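Trainee: Data: protein.cif, mmCIF, C-alpha atoms and all ligand atoms.
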```cif
data_data
loop_
_atom_site.label_atom_id
_atom_site.label_comp_id
_atom_site.auth_asym_id
_atom_site.auth_seq_id
_atom_site.Cartn_x
_atom_site.Cartn_y
_atom_site.Cartn_z
CA MET R 58 85.74 108.04 120.00
CA SER R 59 86.03 104.37 119.09
CA GLU R 60 82.29 103.76 119.42
CA GLN R 61 81.57 106.31 116.67
CA GLY R 62 80.99 105.13 113.12
CA PHE R 63 83.67 105.01 110.43
CA THR R 64 82.68 108.19 108.60
CA THR R 65 81.83 110.23 111.71
CA LYS R 66 85.37 109.69 112.95
CA ILE R 67 86.97 110.65 109.63
CA VAL R 68 84.99 113.82 108.92
CA HIS R 69 85.59 115.24 112.41
CA SER R 70 89.19 114.08 112.77
CA ASP R 71 90.96 117.29 111.63
CA ARG R 72 88.63 119.66 113.49
CA LEU R 73 89.36 117.94 116.80
CA LEU R 74 93.08 118.71 116.44
CA ASN R 75 92.24 122.29 117.64
CA LEU R 76 93.16 124.01 114.39
CA GLU R 77 93.56 127.77 114.10
CA TYR R 78 90.44 129.87 113.35
CA GLY R 79 88.21 126.81 113.76
CA ALA R 80 89.38 125.35 110.43
CA VAL R 81 87.76 121.97 109.75
CA HIS R 82 90.56 120.83 107.40
CA ALA R 83 94.20 120.62 108.44
CA PRO R 84 95.99 123.39 106.46
CA ILE R 85 98.46 122.46 103.69
CA HIS R 86 101.85 123.17 105.23
CA ASN R 87 104.39 123.65 102.45
CA SER R 88 107.32 124.57 104.63
CA VAL R 89 110.22 122.13 104.40
CA PRO R 90 112.18 123.31 107.49
CA TYR R 91 110.63 124.15 110.86
CA GLY R 92 112.36 126.87 112.92
CA PHE R 93 112.57 127.33 116.71
CA ASP R 94 113.06 130.52 118.78
CA ASP R 95 115.05 128.52 121.33
CA VAL R 96 117.46 126.00 119.84
CA GLN R 97 116.52 123.53 122.58
CA GLY R 98 113.21 123.09 120.73
CA LEU R 99 115.07 121.86 117.66
CA ILE R 100 117.26 119.57 119.76
CA ASP R 101 114.16 118.13 121.47
CA VAL R 102 112.54 117.20 118.14
CA PHE R 103 115.75 115.49 117.03
CA GLN R 104 115.79 113.61 120.34
CA GLY R 105 112.26 112.26 119.80
CA LYS R 106 109.87 114.87 121.22
CA PRO R 107 106.73 115.27 119.05
CA GLY R 108 107.17 118.12 116.57
CA HIS R 109 108.47 118.82 113.09
CA ALA R 110 112.00 119.53 111.91
CA TYR R 111 112.09 118.68 108.20
CA ALA R 112 109.28 117.72 105.81
CA ARG R 113 110.85 114.43 104.70
CA GLN R 114 109.85 113.02 108.11
CA SER R 115 106.65 114.93 108.87
CA THR R 116 104.55 118.06 108.46
CA PRO R 117 101.40 119.01 110.37
CA THR R 118 99.34 118.10 107.25
CA ILE R 119 100.98 114.68 107.11
CA ASP R 120 100.36 114.19 110.83
CA ALA R 121 96.66 114.95 110.38
CA LEU R 122 96.33 112.36 107.59
CA GLN R 123 98.28 109.78 109.61
CA HIS R 124 95.94 110.35 112.52
CA LYS R 125 92.92 109.71 110.27
CA ILE R 126 94.32 106.52 108.83
CA GLN R 127 95.37 105.25 112.23
CA GLN R 128 91.74 105.59 113.36
CA MET R 129 90.43 103.93 110.19
CA ASP R 130 92.86 101.02 110.60
CA ASN R 131 92.32 100.61 114.38
CA GLY R 132 96.08 100.83 114.92
CA VAL R 133 98.53 102.45 117.32
CA ALA R 134 100.59 104.42 114.77
CA THR R 135 100.55 105.18 111.03
CA LEU R 136 103.13 106.44 108.54
CA VAL R 137 102.26 107.73 105.09
CA PHE R 138 104.42 107.49 101.97
CA ALA R 139 104.62 108.85 98.42
CA SER R 140 102.78 105.82 97.02
CA GLY R 141 101.56 102.38 97.96
CA MET R 142 104.73 100.88 96.49
CA ALA R 143 106.88 103.21 98.62
CA ALA R 144 105.02 101.95 101.71
CA ILE R 145 105.48 98.30 100.72
CA VAL R 146 109.15 98.48 99.71
CA THR R 147 110.11 100.59 102.71
CA THR R 148 108.52 98.04 105.04
CA PHE R 149 110.49 95.17 103.48
CA LEU R 150 113.81 97.02 103.34
CA THR R 151 113.66 98.28 106.92
CA LEU R 152 112.45 95.10 108.65
CA LEU R 153 114.20 92.37 106.63
CA LYS R 154 117.89 91.81 106.09
CA SER R 155 120.04 89.55 103.98
CA GLY R 156 119.60 85.93 105.10
CA ASP R 157 116.00 86.41 106.23
CA HIS R 158 113.09 84.53 104.71
CA LEU R 159 109.77 86.01 103.62
CA ILE R 160 106.64 83.96 102.90
CA CYS R 161 104.52 85.77 100.37
CA SER R 162 101.25 85.15 98.57
CA ARG R 163 101.67 84.07 94.96
CA PHE R 164 98.60 86.16 94.06
CA LEU R 165 100.02 89.65 94.17
CA PHE R 166 99.72 93.11 92.74
CA GLY R 167 102.08 93.10 89.72
CA ASN R 168 104.67 95.55 91.05
CA THR R 169 104.76 93.85 94.47
CA ASN R 170 105.40 90.60 92.62
CA SER R 171 108.21 92.32 90.72
CA ILE R 172 109.85 93.64 93.91
CA MET R 173 110.19 90.05 95.19
CA GLY R 174 112.88 89.48 92.56
CA THR R 175 114.73 92.58 93.75
CA LEU R 176 114.57 91.41 97.38
CA GLN R 177 116.01 88.05 96.33
CA SER R 178 118.89 89.81 94.59
CA TYR R 179 119.68 91.45 97.96
CA GLY R 180 119.90 88.05 99.67
CA ILE R 181 116.41 87.95 101.15
CA GLU R 182 114.83 84.56 100.53
CA VAL R 183 111.26 84.61 99.25
CA THR R 184 108.83 81.68 99.01
CA LEU R 185 105.67 82.32 97.02
CA VAL R 186 102.70 80.28 98.20
CA ASP R 187 99.02 79.81 97.49
CA ALA R 188 97.89 81.93 100.45
CA THR R 189 94.29 80.72 100.17
CA ASN R 190 95.68 77.47 101.59
CA ILE R 191 96.99 77.68 105.18
CA ASP R 192 98.83 74.35 104.83
CA GLU R 193 101.03 75.78 102.04
CA VAL R 194 101.80 78.81 104.18
CA LYS R 195 102.75 76.64 107.16
CA ALA R 196 104.83 74.27 105.03
CA ALA R 197 106.92 77.18 103.73
CA GLN R 198 108.18 78.16 107.19
CA LYS R 199 111.92 77.88 107.80
CA GLU R 200 114.17 78.70 110.70
CA ASN R 201 114.93 82.12 109.19
CA THR R 202 111.32 83.07 108.35
CA ARG R 203 110.54 86.53 109.68
CA MET R 204 107.45 87.74 107.88
CA VAL R 205 104.32 86.70 105.97
CA PHE R 206 102.89 89.08 103.36
CA VAL R 207 99.43 88.69 101.82
CA GLU R 208 96.76 90.77 100.12
CA THR R 209 93.11 90.59 101.18
CA ILE R 210 91.51 90.22 97.76
CA ALA R 211 94.14 89.65 95.07
CA ASN R 212 93.63 91.31 91.75
CA PRO R 213 92.79 90.34 89.02
CA VAL R 214 91.52 86.82 89.91
CA THR R 215 90.07 87.92 93.32
CA GLN R 216 91.54 85.08 95.41
CA ILE R 217 91.10 85.70 99.13
CA SER R 218 93.94 84.71 101.47
CA ALA R 219 93.27 82.44 104.45
CA LEU R 220 93.40 85.62 106.53
CA GLU R 221 92.28 84.23 109.90
CA ALA R 222 94.36 81.04 109.85
CA ILE R 223 97.48 82.93 108.75
CA GLY R 224 96.91 85.34 111.65
CA ASP R 225 96.81 82.47 114.14
CA PHE R 226 99.90 80.91 112.56
CA CYS R 227 101.90 84.16 112.64
CA GLU R 228 100.90 84.77 116.24
CA ALA R 229 101.99 81.30 117.32
CA GLN R 230 105.28 81.45 115.37
CA LYS R 231 106.05 85.11 116.23
CA LEU R 232 106.15 86.18 112.58
CA VAL R 233 105.35 89.69 111.41
CA TYR R 234 102.01 89.48 109.58
CA VAL R 235 101.73 92.13 106.87
CA ILE R 236 98.39 92.57 105.13
CA ASP R 237 97.97 94.73 102.02
CA ASN R 238 94.39 95.90 102.62
CA THR R 239 94.15 98.05 99.48
CA LEU R 240 91.38 96.16 97.68
CA THR R 241 89.11 95.97 100.70
CA SER R 242 90.29 99.07 102.62
CA SER R 243 89.74 99.38 106.34
CA TYR R 244 86.11 100.25 105.65
CA LEU R 245 85.30 96.78 104.29
CA PHE R 246 87.81 94.88 106.42
CA ASP R 247 89.31 95.46 109.85
CA ALA R 248 92.67 93.71 109.49
CA THR R 249 93.24 93.81 113.26
CA SER R 250 90.39 91.27 113.55
CA VAL R 251 92.72 88.65 112.01
CA LYS R 252 95.74 89.80 114.05
CA ALA R 253 97.63 91.70 111.34
CA SER R 254 100.87 93.19 112.65
CA LEU R 255 101.20 95.80 109.92
CA ILE R 256 98.43 97.04 107.62
CA ILE R 257 99.52 98.50 104.30
CA THR R 258 97.18 100.46 102.04
CA SER R 259 97.67 102.15 98.70
CA LEU R 260 95.86 105.40 99.47
CA SER R 261 95.84 106.14 95.72
CA LYS R 262 92.90 103.77 95.33
CA TYR R 263 89.71 103.79 97.46
CA VAL R 264 90.95 106.15 100.19
CA ALA R 265 91.77 109.07 97.86
CA GLY R 266 89.13 107.77 95.47
CA HIS R 267 89.21 110.45 92.80
CA GLY R 268 92.26 109.41 90.81
CA ASN R 269 94.03 112.67 91.66
CA ALA R 270 96.67 111.71 94.26
CA LEU R 271 99.18 108.95 94.94
CA GLY R 272 99.93 107.81 98.47
CA GLY R 273 100.50 104.80 100.69
CA SER R 274 100.31 103.99 104.39
CA VAL R 275 101.67 101.55 106.95
CA THR R 276 99.79 101.15 110.23
CA ASP R 277 101.08 99.19 113.20
CA SER R 278 98.16 97.38 114.82
CA GLY R 279 99.99 97.19 118.16
CA LEU R 280 99.49 93.39 118.16
CA PHE R 281 103.04 92.31 117.34
CA ASP R 282 105.61 92.02 120.12
CA TRP R 283 108.66 93.77 118.65
CA GLU R 284 110.77 92.65 121.63
CA THR R 285 110.80 89.19 120.00
CA TYR R 286 111.95 90.54 116.61
CA PRO R 287 115.68 90.15 115.94
CA ASN R 288 116.03 92.97 113.38
CA ILE R 289 115.30 96.05 115.48
CA PHE R 290 118.46 98.16 115.65
CA ALA R 291 119.65 98.87 119.19
CA GLY R 292 118.92 102.57 118.80
CA TYR R 293 115.20 101.93 118.31
CA GLN R 294 114.83 99.51 121.24
CA LYS R 295 113.79 102.39 123.45
CA GLY R 296 110.53 103.31 125.19
CA ASP R 297 107.24 101.51 124.48
CA SER R 298 108.11 98.36 122.55
CA LYS R 299 104.85 98.63 120.57
CA MET R 300 106.49 101.55 118.76
CA TRP R 301 109.82 99.89 117.90
CA GLY R 302 108.75 98.58 114.48
CA ILE R 303 107.12 101.77 113.27
CA SER R 304 110.02 103.87 114.65
CA GLN R 305 112.47 101.82 112.61
CA ILE R 306 110.31 102.12 109.47
CA LYS R 307 110.14 105.88 110.05
CA LYS R 308 113.85 106.47 110.67
CA LYS R 309 115.47 103.91 108.41
CA GLY R 310 112.74 104.12 105.80
CA LEU R 311 111.00 107.47 105.61
CA ARG R 312 113.94 109.55 106.84
CA ASP R 313 116.79 107.67 105.14
CA MET R 314 115.07 106.36 102.01
CA GLY R 315 112.91 109.43 101.55
CA GLY R 316 109.71 108.12 99.96
CA CYS R 317 107.69 110.83 101.68
CA LEU R 318 104.25 112.15 100.77
CA SER R 319 103.78 115.85 99.97
CA SER R 320 101.41 117.92 102.08
CA GLN R 321 99.37 118.73 98.94
CA ALA R 322 98.79 115.06 98.19
CA ALA R 323 98.02 114.42 101.87
CA HIS R 324 95.31 117.09 101.71
CA LEU R 325 93.71 115.56 98.59
CA ILE R 326 93.77 112.07 100.14
CA SER R 327 92.36 113.43 103.37
CA VAL R 328 89.41 115.11 101.63
CA GLY R 329 88.84 112.00 99.53
CA SER R 330 88.75 109.77 102.61
CA GLU R 331 85.73 111.64 103.97
CA THR R 332 83.44 109.98 101.39
CA MET R 333 85.09 106.57 101.27
CA GLU R 334 82.20 104.76 102.97
CA LEU R 335 79.62 106.35 100.63
CA ARG R 336 81.66 105.66 97.52
CA MET R 337 82.54 102.09 98.43
CA ASP R 338 78.95 101.19 99.33
CA ARG R 339 77.91 102.35 95.87
CA GLN R 340 80.88 100.74 94.08
CA CYS R 341 80.36 97.37 95.77
CA ASP R 342 76.64 97.47 95.00
CA ASN R 343 77.34 98.27 91.33
CA ALA R 344 80.00 95.56 91.15
CA LEU R 345 77.71 92.85 92.54
CA ALA R 346 74.96 93.77 90.08
CA LEU R 347 77.38 93.75 87.16
CA ALA R 348 78.97 90.45 88.26
CA GLU R 349 75.54 88.81 88.42
CA PHE R 350 74.63 90.22 84.99
CA LEU R 351 77.89 89.06 83.40
CA GLU R 352 77.74 85.60 84.97
CA LYS R 353 74.47 84.94 83.14
CA HIS R 354 75.59 86.38 79.81
CA PRO R 355 76.15 83.78 77.05
CA LYS R 356 79.33 85.49 75.79
CA ILE R 357 81.01 85.31 79.21
CA GLU R 358 82.96 82.17 80.11
CA LYS R 359 83.71 83.00 83.74
CA VAL R 360 83.35 85.88 86.20
CA TYR R 361 85.76 86.37 89.12
CA TYR R 362 84.05 88.24 91.94
CA PRO R 363 83.95 87.28 95.66
CA GLY R 364 80.26 88.19 95.91
CA LEU R 365 79.21 85.38 93.57
CA LYS R 366 78.26 82.09 95.21
CA SER R 367 80.42 80.38 92.58
CA HIS R 368 83.55 82.08 93.99
CA PRO R 369 85.75 79.57 95.88
CA GLN R 370 86.16 81.89 98.90
CA TYR R 371 82.63 83.34 98.92
CA ASP R 372 82.13 82.19 102.52
CA VAL R 373 85.36 83.79 103.70
CA ALA R 374 84.44 87.08 102.03
CA LYS R 375 80.95 87.01 103.51
CA ARG R 376 82.28 86.31 106.99
CA LEU R 377 85.13 88.85 107.02
CA PHE R 378 84.20 91.74 104.70
CA LYS R 379 81.41 94.30 104.96
CA ALA R 380 80.87 93.93 101.18
CA PHE R 381 82.59 92.09 98.34
CA GLY R 382 84.72 94.86 96.88
CA ALA R 383 84.55 96.57 93.51
CA ILE R 384 87.08 94.67 91.45
CA LEU R 385 85.76 92.06 89.09
CA SER R 386 87.37 90.21 86.23
CA PHE R 387 85.99 87.99 83.52
CA ASP R 388 86.95 85.73 80.64
CA LEU R 389 85.04 85.87 77.36
CA ILE R 390 84.02 82.63 75.65
CA GLU R 391 86.46 81.28 73.11
CA GLY R 392 86.53 83.20 69.85
CA GLU R 393 85.52 86.54 71.41
CA ASP R 394 88.20 89.25 71.44
CA CYS R 395 88.38 91.20 74.69
CA CYS R 396 89.96 94.22 72.96
CA VAL R 397 86.98 94.50 70.62
CA LEU R 398 84.67 94.48 73.62
CA LEU R 399 86.75 97.10 75.48
CA ASN R 400 86.68 99.41 72.47
CA LYS R 401 82.89 99.15 72.31
CA LEU R 402 82.34 100.30 75.89
CA ASN R 403 81.33 103.97 76.07
CA ILE R 404 81.17 104.81 79.77
CA VAL R 405 83.90 102.44 80.88
CA ILE R 406 87.38 103.91 80.37
CA ASN R 407 90.31 101.85 79.05
CA ALA R 408 92.69 102.60 81.89
CA THR R 409 94.81 101.00 84.56
CA HIS R 410 94.31 102.05 88.22
CA LEU R 411 91.49 101.03 90.54
CA GLY R 412 89.26 102.43 93.24
CA ASP R 413 88.40 105.44 91.07
CA ASN R 414 84.97 107.08 90.95
CA ARG R 415 84.90 106.13 87.24
CA THR R 416 84.65 102.56 86.00
CA LEU R 417 87.96 101.48 84.45
CA ALA R 418 88.82 98.32 82.52
CA LEU R 419 91.85 96.77 80.87
CA PRO R 420 93.03 93.57 79.16
CA VAL R 421 95.20 91.99 81.89
CA ALA R 422 97.74 89.82 80.01
CA PRO R 423 99.28 92.45 77.69
CA THR R 424 99.26 95.26 80.28
CA ILE R 425 99.64 95.00 84.08
CA TYR R 426 100.78 91.37 84.00
CA GLY R 427 102.66 91.60 80.69
CA GLU R 428 106.20 91.73 82.08
CA MET R 429 105.87 88.54 84.16
CA GLY R 430 105.31 86.28 81.14
CA LEU R 431 102.94 83.47 80.26
CA GLU R 432 104.17 80.87 82.73
CA THR R 433 103.77 83.10 85.81
CA ARG R 434 100.40 84.31 84.56
CA GLN R 435 99.23 80.72 84.32
CA LYS R 436 100.46 80.02 87.86
CA MET R 437 98.46 83.01 89.03
CA GLY R 438 95.34 81.78 87.24
CA ILE R 439 95.32 84.65 84.73
CA SER R 440 93.93 83.73 81.31
CA GLU R 441 95.22 85.45 78.19
CA SER R 442 91.82 87.01 77.43
CA MET R 443 91.01 88.23 80.93
CA VAL R 444 89.45 91.66 81.41
CA ARG R 445 89.73 93.42 84.78
CA CYS R 446 87.22 96.05 85.79
CA SER R 447 87.36 98.51 88.65
CA ILE R 448 83.78 99.52 89.21
CA GLY R 449 82.97 103.18 89.84
CA ILE R 450 80.10 105.18 91.27
CA GLU R 451 78.17 105.71 88.03
CA ASN R 452 74.44 104.95 88.08
CA LYS R 453 73.98 101.20 88.02
CA ALA R 454 71.53 101.17 85.08
CA ASP R 455 73.99 103.09 82.89
CA LEU R 456 76.81 100.67 83.64
CA LEU R 457 74.69 97.60 82.96
CA LYS R 458 73.43 99.14 79.71
CA ASP R 459 76.98 99.91 78.59
CA PHE R 460 78.11 96.29 79.05
CA GLU R 461 74.89 95.02 77.50
CA GLN R 462 75.37 97.03 74.28
CA ALA R 463 79.10 96.23 74.07
CA LEU R 464 78.46 92.47 74.42
CA ALA R 465 75.52 92.48 71.95
C1 LIG J 501 97.86 99.89 93.55
C2 LIG J 501 98.29 98.88 94.50
C3 LIG J 501 99.53 98.99 95.13
C4 LIG J 501 100.51 100.08 94.81
O1 LIG J 501 100.00 101.33 95.12
P1 LIG J 501 100.47 102.68 94.40
O2 LIG J 501 99.86 103.73 95.25
O3 LIG J 501 99.95 102.65 93.01
O4 LIG J 501 101.96 102.69 94.45
C5 LIG J 501 99.89 98.00 96.03
N1 LIG J 501 99.07 96.99 96.33
C6 LIG J 501 97.85 96.86 95.76
C7 LIG J 501 96.99 95.70 96.12
C8 LIG J 501 97.42 97.80 94.82
O5 LIG J 501 96.23 97.67 94.24
#
```
Now, as a test, write the supplied structure out as structure tokens.
Ligand SMILES: *Cc1c(COP(=O)(O)O)cnc(C)c1O
Mentor:
Amino acid sequence: MSEQGFTTKIVHSDRLLNLEYGAVHAPIHNSVPYGFDDVQGLIDVFQGKPGHAYARQSTPTIDALQHKIQQMDNGVATLVFASGMAAIVTTFLTLLKSGDHLICSRFLFGNTNSIMGTLQSYGIEVTLVDATNIDEVKAAQKENTRMVFVETIANPVTQISALEAIGDFCEAQKLVYVIDNTLTSSYLFDATSVKASLIITSLSKYVAGHGNALGGSVTDSGLFDWETYPNIFAGYQKGDSKMWGISQIKKKGLRDMGGCLSSQAAHLISVGSETMELRMDRQCDNALALAEFLEKHPKIEKVYYPGLKSHPQYDVAKRLFKAFGAILSFDLIEGEDCCVLLNKLNIVINATHLGDNRTLALPVAPTIYGEMGLETRQKMGISESMVRCSIGIENKADLLKDFEQALA
């Protein structure tokens, strides 16, 4: 299987599960409880035998999606959640405890940044670092450091973490290396190539792709040695130690905290994932063309896009990613109002969200990074007039024309 291409594997994944009547999609199982003719069957599932007992932990539809994402991520096991945030928070709350220390990129998705304050209020220490700089990451390590969390490409400024060096550092120091791969997805970037322990993805974005379902995933790459991790409860130190981390996230997180995905949403995400490669190729191609157009435009002060040679981590992006992603941001020259520009765009929709088939844009400072305040925005390199765009699959000429007329 592994020698097949990305899309071949995804589109044939369900069919190969031997579904009834030759179905090529896993059916949407709405049942919450699962009954057994012989009660031993129920006992066996509770004792860890594969099967389903209650939909908060799994359904056959959920299993099928998890299987797909596990293949996409090159991991050993995957869990899916109600949203990307549910996946992220559940991972922190099940693997960290009061007194532990987390090193985290300073360039973060807004809500992930917000959750760091909550973790600190629970007694988990957090140090925010410039993760593009391995020396800052290393310098932040303390005796109680357990985990390093970074994003691949950070939105909106598109900084790229020192992914390889952090992987080597985490391996040497036995730290759990968590990568939020949402902006690249496993199609553009194989996070196991930089030794990620856990790969988190907001499925709501490029994987689902159509802006019609929320979901999140956590994949264990199988690269971290959970026998060295002090926070695995005794009850989960059983069987193959590769599975200890994901078992704890499943039991303490999915089962006890309950941020589970519905089978309906799993089906929508699963269908969406079949065209991820096609959509992302087109989106990245559109984004590069638009970034190059905007960079030359006299009304644009600066464009943030990893595919531009002017980007500080252009070489990293070129080396590690299949393409440069489809998020780009820009600052207008002084005196130009970004809200006026946004209102003039016809095809581009004023909306938050990213990874959609449609091109979406928003003014960053008063919206997604409004709550954090001016000082934090400045630390993150976010200007007050910044516009963020998530580039869609529209025809390239139409997108370029729309920006051209709006900037005229
Ligand atoms: C959107 C996003 C999330 C959160 O995902 P939801 O599915 O919206 O909860 C987390 N990380 C990154 C990088 C994101 O873009």
Trainee: Point out the residue among R:Leu456, R:Leu411, R:Cys341, R:Ile406 with the least atom-to-atom distance to ligand LIG 501 (chain J), counting only C-alpha atoms and all ligand atoms.
Mentor: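 Using only C-alpha atoms and all ligand atoms, the shortest distance to ligand LIG 501 (chain J) belongs to R:Leu411.
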Trainee: With distances taken over all atoms listed in the file, which residue among R:Met337, R:Leu402, R:Ala383, R:Ile100 lies nearest ligand LIG 501 (chain J)?
Mentor: R:Ala383
Trainee: Between R:Ala408, R:Ala270, R:Met204, R:Ala121, which one has atoms that come closest to ligand LIG 501 (chain J), using only C-alpha atoms and all ligand atoms?
Mentor: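 Of all the options, R:Ala270 lies closest to ligand LIG 501 (chain J).
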Trainee: Can you pull out every residue within 10 Å of range 219-229 of chain R, counting only C-alpha atoms, but drop anything in the same chain fewer than 5 positions away, and send it as a PyMOL selection string?
Mentor: chain R and resi 187-192+194-195+203-209+234-236+248-254+280-282+370+373+377
Trainee: Determine, counting all atoms listed in the file, which protein, DNA and RNA residues have an atom within 6 Å of an atom of range 146-160 of chain R; residues of the same chain fewer than 5 positions away are not included. Present the result as a list in words.
Mentor: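 Within the cut-off, the hits are Gly180, Ile181, Glu182, Val183, Thr184, Asn201, Thr202, Arg203, Met204, Val205, Ile306 and Gly310 of chain R.
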Trainee: Kindly assemble as CSV a list of the chain R residues that lie within 6 Å of ligand LIG 501 (chain J), each paired with its nearest atom pair and their distance in Å to one decimal, using only C-alpha atoms and all ligand atoms, sorted first by chain and then by ascending residue number.
Mentor:
```
residue,atom,partner,partner_atom,distance
R:Ser140,CA,J:LIG501,O2,4.0
R:Gly141,CA,J:LIG501,O1,3.4
R:Met142,CA,J:LIG501,O4,3.9
R:Phe166,CA,J:LIG501,C7,5.1
R:Thr239,CA,J:LIG501,C7,5.0
R:Leu240,CA,J:LIG501,C7,5.8
R:Ser259,CA,J:LIG501,O1,4.3
R:Ser261,CA,J:LIG501,O2,4.7
R:Leu271,CA,J:LIG501,O2,5.3
R:Gly272,CA,J:LIG501,O2,5.2
R:Gly273,CA,J:LIG501,O2,5.6
```
Trainee: Output C-alpha atoms for every residue in the selection just made, as an mmCIF file, in the coordinates of the input.
Mentor:
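selection_27.cif was written with the following content:
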```cif
data_model
loop_
_atom_site.group_PDB
_atom_site.id
_atom_site.type_symbol
_atom_site.label_atom_id
_atom_site.label_comp_id
_atom_site.auth_asym_id
_atom_site.auth_seq_id
_atom_site.Cartn_x
_atom_site.Cartn_y
_atom_site.Cartn_z
ATOM 1 C CA SER R 140 102.780 105.820 97.020
ATOM 2 C CA GLY R 141 101.560 102.380 97.960
ATOM 3 C CA MET R 142 104.730 100.880 96.490
ATOM 4 C CA PHE R 166 99.720 93.110 92.740
ATOM 5 C CA THR R 239 94.150 98.050 99.480
ATOM 6 C CA LEU R 240 91.380 96.160 97.680
ATOM 7 C CA SER R 259 97.670 102.150 98.700
ATOM 8 C CA SER R 261 95.840 106.140 95.720
ATOM 9 C CA LEU R 271 99.180 108.950 94.940
ATOM 10 C CA GLY R 272 99.930 107.810 98.470
ATOM 11 C CA GLY R 273 100.500 104.800 100.690
#
```
Trainee: Mind checking which residues fall within 9 Å of Ala348 in chain R, counting only C-alpha atoms, ignoring those fewer than 6 positions away in the same chain, and posting them as a PyMOL selection string?
Mentor: chain R and resi 360-362+364-365+385-387
Trainee: Please output range 115-126 of chain R, rebuilt to include N, CA, C and O atoms, as a PDB file, keeping the file's coordinate frame.
Mentor:
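The resulting rebuild31.pdb:
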```pdb
ATOM      1  N   SER R 115     108.024 114.602 108.492  1.00  0.00           N
ATOM      2  CA  SER R 115     106.650 114.930 108.870  1.00  0.00           C
ATOM      3  C   SER R 115     106.347 116.396 108.619  1.00  0.00           C
ATOM      4  O   SER R 115     107.264 117.227 108.580  1.00  0.00           O
ATOM      5  N   THR R 116     105.075 116.691 108.437  1.00  0.00           N
ATOM      6  CA  THR R 116     104.550 118.060 108.460  1.00  0.00           C
ATOM      7  C   THR R 116     103.236 117.975 109.236  1.00  0.00           C
ATOM      8  O   THR R 116     102.699 116.870 109.412  1.00  0.00           O
ATOM      9  N   PRO R 117     102.692 119.097 109.677  1.00  0.00           N
ATOM     10  CA  PRO R 117     101.400 119.010 110.370  1.00  0.00           C
ATOM     11  C   PRO R 117     100.301 118.413 109.485  1.00  0.00           C
ATOM     12  O   PRO R 117      99.428 117.702 109.984  1.00  0.00           O
ATOM     13  N   THR R 118     100.353 118.665 108.173  1.00  0.00           N
ATOM     14  CA  THR R 118      99.340 118.100 107.250  1.00  0.00           C
ATOM     15  C   THR R 118      99.468 116.583 107.190  1.00  0.00           C
ATOM     16  O   THR R 118      98.471 115.855 107.173  1.00  0.00           O
ATOM     17  N   ILE R 119     100.714 116.125 107.137  1.00  0.00           N
ATOM     18  CA  ILE R 119     100.980 114.680 107.110  1.00  0.00           C
ATOM     19  C   ILE R 119     100.499 114.037 108.411  1.00  0.00           C
ATOM     20  O   ILE R 119      99.844 112.982 108.407  1.00  0.00           O
ATOM     21  N   ASP R 120     100.805 114.708 109.518  1.00  0.00           N
ATOM     22  CA  ASP R 120     100.360 114.190 110.830  1.00  0.00           C
ATOM     23  C   ASP R 120      98.851 114.009 110.874  1.00  0.00           C
ATOM     24  O   ASP R 120      98.348 112.999 111.384  1.00  0.00           O
ATOM     25  N   ALA R 121      98.131 114.996 110.336  1.00  0.00           N
ATOM     26  CA  ALA R 121      96.660 114.950 110.380  1.00  0.00           C
ATOM     27  C   ALA R 121      96.150 113.750 109.575  1.00  0.00           C
ATOM     28  O   ALA R 121      95.225 113.051 109.996  1.00  0.00           O
ATOM     29  N   LEU R 122      96.756 113.512 108.407  1.00  0.00           N
ATOM     30  CA  LEU R 122      96.330 112.360 107.590  1.00  0.00           C
ATOM     31  C   LEU R 122      96.687 111.048 108.312  1.00  0.00           C
ATOM     32  O   LEU R 122      95.883 110.102 108.343  1.00  0.00           O
ATOM     33  N   GLN R 123      97.874 111.010 108.895  1.00  0.00           N
ATOM     34  CA  GLN R 123      98.280 109.780 109.610  1.00  0.00           C
ATOM     35  C   GLN R 123      97.314 109.480 110.754  1.00  0.00           C
ATOM     36  O   GLN R 123      96.964 108.322 110.995  1.00  0.00           O
ATOM     37  N   HIS R 124      96.874 110.523 111.414  1.00  0.00           N
ATOM     38  CA  HIS R 124      95.940 110.350 112.520  1.00  0.00           C
ATOM     39  C   HIS R 124      94.616 109.751 112.013  1.00  0.00           C
ATOM     40  O   HIS R 124      94.043 108.848 112.639  1.00  0.00           O
ATOM     41  N   LYS R 125      94.153 110.241 110.865  1.00  0.00           N
ATOM     42  CA  LYS R 125      92.920 109.710 110.270  1.00  0.00           C
ATOM     43  C   LYS R 125      93.058 108.231 109.926  1.00  0.00           C
ATOM     44  O   LYS R 125      92.176 107.421 110.212  1.00  0.00           O
ATOM     45  N   ILE R 126      94.156 107.903 109.286  1.00  0.00           N
ATOM     46  CA  ILE R 126      94.320 106.520 108.830  1.00  0.00           C
ATOM     47  C   ILE R 126      94.520 105.573 110.006  1.00  0.00           C
ATOM     48  O   ILE R 126      94.012 104.453 110.003  1.00  0.00           O
TER      49      ILE R 126
END
```
